[in-house]
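Q: One structure coming up, written as structure tokens, with questions to follow.
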Amino acid sequence: MHILVLGATGYLGGHVVERLRALPGARVLLGGRSPAADVTADLASGRPRELATALARVAPDAVVNCAGATGGDAVTLAEVNARGPAVLCAALREAAPRARLVHLGSAAEYGPGTPGRPVTESGATGPAGPYGATKLAGTVAVTASGLDAVVLRVGNPVGPGAPSTGLPGRVAALLAKAGRDPGATLRLGDLSAYRDFVDVRDVAEAVALAVTAPGPLPPVLNVGGGGAVPVREVVRTLADAAGFRGRIVEEGAGGSTRSADVSWQCSDITAARDALGWRPSHSLESSLEALWAASGTRSRSAGGAAAQ
């Protein structure tokens, strides 16, 4: 089975590639802007015909799109998150119309949630900013493509290798820098929001199941932890794992711009269980411990510098 992974060098993409390579009989091909990639592609600026030519050459049985932008201006977000999936779908229709497409969406497409009420795939979408809006546009491009496609709407991924562009990774980097100094102070934004965290390795498992599942799948499946967790609790758990003895100070907003207007978010993951036999296998505590262990290793190898 030939599986092409786009965005393979990113946080989610790296874990997805590792999991797919463990599938019996799988040959995983990497797609991206690097000349060393098996398929050279830039979804943000390339033309569908150019990508179709490259796809015809490798004849994938499945394509996994992990490419996406979480930061940047609205133009960058639109180019990567909205235009990119549309270009990919157009190219697949021409060159590999029978290939299964697994596209990674985002729970940010739903927008603000109602406390105590996990949102299902049929729930209303109302993204609170450009990130969620552009991810939703990408989802629409995929679900309306006519391809054998499924969008996995991913919650807040966490676990080993989490980048500093997200809160868990940023906090881990700050903790690595602070060490065990009792006089250290971590100054963070408002931590009162609730989020649905899911281990990145569980996301990779959902992708593997979606790639290999027989028959058509529902157009959208939620992939989350299945519960709303206070962000404050995540920070405290990470601090405990790091042996942090200083103070944690919340200073107003200062959170992620892509989720600043969303105080509560939780996805119902029943459909993914029914369609894929998937459910998260890592607890949030074990995910955070794995994140800290990986961050501490990188910090020590860099001579004590903060993890990136």
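Each chain in the structure tokens gets a letter, A, B, ..., in the order shown, and its residues are numbered from 1; ligands are numbered from 1 in order too.
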Which residues, written as a list in words, have at least one atom at most 12 Å from Ser283 in chain A, with only C-alpha atoms counted and residues fewer than 3 positions away on the same chain left out?

A: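 The residues satisfying every condition are Val158, Gly159, Phe197, Val198, Asp199, Val200, Arg201, Asp202, Gly224, Gly225, Gly226, Gly227, Val229, Val234, Arg279, Pro280, Ser286, Ser287, Leu288, Glu289 and Ala290 of chain A.
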
Q: Quick one: everything within 10 Å of Val150 in chain A, counting only C-alpha atoms, minus sequence neighbours fewer than 2 positions away in the same chain. Send it as number ranges by chain.

A: A: 64, 100-105, 139, 142-143, 147-148, 152-153, 207, 210-211, 216-221

Q: Let me make sure I understand: among A:Arg195, A:Arg236, A:Arg57, A:Arg83, which one has the smallest atom-to-atom distance to Leu43 in chain A if we use only C-alpha atoms?

A: A:Arg83

Q: Might you pull out every residue within 6 Å of Thr134 in chain A, with only C-alpha atoms counted and same-chain residues fewer than 6 positions away left off, and present them as a PDB file with N, CA and C atoms, in the first residue's frame?

A:
ATOM      1  N   ALA A  78      -5.194  31.411   5.007  1.00  0.00           N
ATOM      2  CA  ALA A  78      -6.088  31.043   3.898  1.00  0.00           C
ATOM      3  C   ALA A  78      -5.350  30.248   2.826  1.00  0.00           C
ATOM      4  N   ASN A  81      -4.461  26.657   4.734  1.00  0.00           N
ATOM      5  CA  ASN A  81      -5.565  25.877   5.311  1.00  0.00           C
ATOM      6  C   ASN A  81      -6.787  25.755   4.411  1.00  0.00           C
ATOM      7  N   ALA A  82      -7.011  26.722   3.549  1.00  0.00           N
ATOM      8  CA  ALA A  82      -8.199  26.706   2.683  1.00  0.00           C
ATOM      9  C   ALA A  82      -7.828  26.354   1.241  1.00  0.00           C
TER      10      ALA A  82
END

Q: So that I can check the surroundings of Asp38 in chain A, please list as a list in words every protein, DNA and RNA residue that reaches within 9 Å of it, counting only C-alpha atoms and ignoring chain neighbours fewer than 5 positions away.

A: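 Once the nearby chain positions are removed, what remains is Leu4, Leu29, Leu30, Gly31, Gly32 and Val58 of chain A.
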
Q: Taking the backbone alone, and naming residues the way the document does, which bits of range 216-247 of chain A are helix (DSSP H, G or I) by DSSP, as a list in words?

A: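 Selection result, helix (DSSP H, G or I) within range 216-247 of chain A: Val231, Arg232, Glu233, Val234, Val235, Arg236, Thr237, Leu238, Ala239, Asp240, Ala241 and Ala242 of chain A.
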
Q: Using only N, CA, C and O atoms, please write the residues we just selected to a file, as a short mmCIF file (atom, residue, chain, number, x, y, z; two decimals), in the first residue's frame.

A:
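Result saved to out23.cif:
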data_model
loop_
_atom_site.label_atom_id
_atom_site.label_comp_id
_atom_site.auth_asym_id
_atom_site.auth_seq_id
_atom_site.Cartn_x
_atom_site.Cartn_y
_atom_site.Cartn_z
N VAL A 231 -7.39 24.49 31.37
CA VAL A 231 -6.02 24.74 30.93
C VAL A 231 -5.10 24.93 32.14
O VAL A 231 -3.94 24.53 32.13
N ARG A 232 -5.65 25.52 33.17
CA ARG A 232 -4.88 25.72 34.41
C ARG A 232 -4.37 24.38 34.96
O ARG A 232 -3.25 24.29 35.47
N GLU A 233 -5.19 23.36 34.85
CA GLU A 233 -4.80 22.03 35.33
C GLU A 233 -3.66 21.45 34.50
O GLU A 233 -2.75 20.79 35.03
N VAL A 234 -3.68 21.71 33.20
CA VAL A 234 -2.61 21.24 32.33
C VAL A 234 -1.29 21.88 32.72
O VAL A 234 -0.25 21.21 32.82
N VAL A 235 -1.31 23.18 32.96
CA VAL A 235 -0.09 23.89 33.35
C VAL A 235 0.43 23.37 34.68
O VAL A 235 1.63 23.13 34.86
N ARG A 236 -0.48 23.16 35.63
CA ARG A 236 -0.07 22.68 36.95
C ARG A 236 0.53 21.27 36.88
O ARG A 236 1.54 20.97 37.53
N THR A 237 -0.07 20.42 36.06
CA THR A 237 0.44 19.05 35.91
C THR A 237 1.83 19.06 35.28
O THR A 237 2.72 18.30 35.70
N LEU A 238 2.03 19.90 34.28
CA LEU A 238 3.35 20.02 33.67
C LEU A 238 4.38 20.54 34.67
O LEU A 238 5.51 20.06 34.73
N ALA A 239 3.97 21.52 35.46
CA ALA A 239 4.87 22.08 36.47
C ALA A 239 5.26 21.01 37.50
O ALA A 239 6.43 20.93 37.91
N ASP A 240 4.32 20.18 37.89
CA ASP A 240 4.62 19.11 38.84
C ASP A 240 5.58 18.10 38.22
O ASP A 240 6.51 17.62 38.89
N ALA A 241 5.36 17.76 36.94
CA ALA A 241 6.25 16.82 36.27
C ALA A 241 7.67 17.35 36.18
O ALA A 241 8.64 16.60 36.25
N ALA A 242 7.78 18.68 36.06
CA ALA A 242 9.10 19.30 35.95
C ALA A 242 9.76 19.55 37.30
O ALA A 242 10.93 19.95 37.35
#

Q: Quick one: everything within 9 Å of Leu136 in chain A, counting only C-alpha atoms, minus sequence neighbours fewer than 2 positions away in the same chain. Send it as a list in words.

A: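 The filter keeps Asn81, Ala82, Gly105, Ser106, Ala108, Glu109, Tyr110, Thr125, Pro127, Tyr131, Gly132, Ala133, Thr134, Gly138, Thr139, Val140 and Ala141 of chain A.
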
Q: Could you pull the residues within 7 Å of Asp61 in chain A, counting only C-alpha atoms, minus those fewer than 5 positions along the same chain, as a VMD selection string?

A: chain A and resid 1 to 3 99 to 100

Q: Quick one: write out the picked residues with C-alpha atoms as a CSV table (one decimal), in the first residue's frame?

A:
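As a result, out.csv now contains:
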chain,number,residue,atom,x,y,z
A,1,MET,CA,0.0,0.0,0.0
A,2,HIS,CA,1.4,3.4,-1.1
A,3,ILE,CA,0.6,6.2,1.4
A,99,ALA,CA,-7.2,7.1,-3.5
A,100,ARG,CA,-8.5,7.6,0.0

Q: Nearest residue to His15 in chain A out of A:Ala52, A:Ala91, A:Ala208, A:Ile248, using only C-alpha atoms?

A: A:Ala208

Q: Running DSSP on the backbone, which parts of range 110-220 of chain A land in strand (DSSP E), as a list in words?

A: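 Output for range 110-220 of chain A, strand (DSSP E) only: Asp148, Ala149, Val150, Val151, Leu152, Arg153, Val154, Asn156, Pro157, Val158, Thr185, Leu186, Arg187, Leu188, Tyr194, Arg195, Phe197, Val198, Asp199 and Val220 of chain A.
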
Q: Interatomic distance between CA of Val119 in chain A and CA of Gly277 in chain A?

A: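 The value is 19.3 Å.
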
Q: When you look at range 260-276 of chain A with a cut-off of 8 Å (counting only C-alpha atoms), what residues show up, excluding the ones that are within fewer than 5 positions of it in the same chain? I need them as a PyMOL selection string.

A: chain A and resi 107+111-115+117-121+128+155+192-196+206+209-210+213+217-218+221-228+253+255

Q: Check the smallest atom-to-atom distance from each of A:Arg49, A:Arg98, A:Arg33, A:Arg180 to Leu6 in chain A using only C-alpha atoms, then report the winner.

A: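 Ranking A:Arg49, A:Arg98, A:Arg33, A:Arg180 by distance to Leu6 in chain A, first place goes to A:Arg33.
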
Q: With distances taken over only C-alpha atoms, which of A:Leu174, A:Gly116, A:Ala149, A:Pro24 is nearest to Gly215 in chain A?

A: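 Between A:Leu174, A:Gly116, A:Ala149, A:Pro24, the residue approaching Gly215 in chain A most closely is A:Ala149.
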
Q: Closest to Gly166 in chain A among A:Gly71, A:Gly46, A:Leu88, A:Leu284, using only C-alpha atoms?

A: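 Among the listed residues, A:Gly71 lies closest to Gly166 in chain A.
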
Q: Please indicate the distance in Å from CA of Val17 in chain A to CA of Ala44 in chain A, rounded to one decimal place.

A: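 Value for the CA of Val17 in chain A-CA of Ala44 in chain A distance: 21.3 Å.
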
Q: Let me make sure I understand: among A:Asp181, A:Asp73, A:Glu205, A:Glu285, which one has the smallest atom-to-atom distance to Glu18 in chain A if we use only C-alpha atoms?

A: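 Result for the nearest residue to Glu18 in chain A: A:Glu205.
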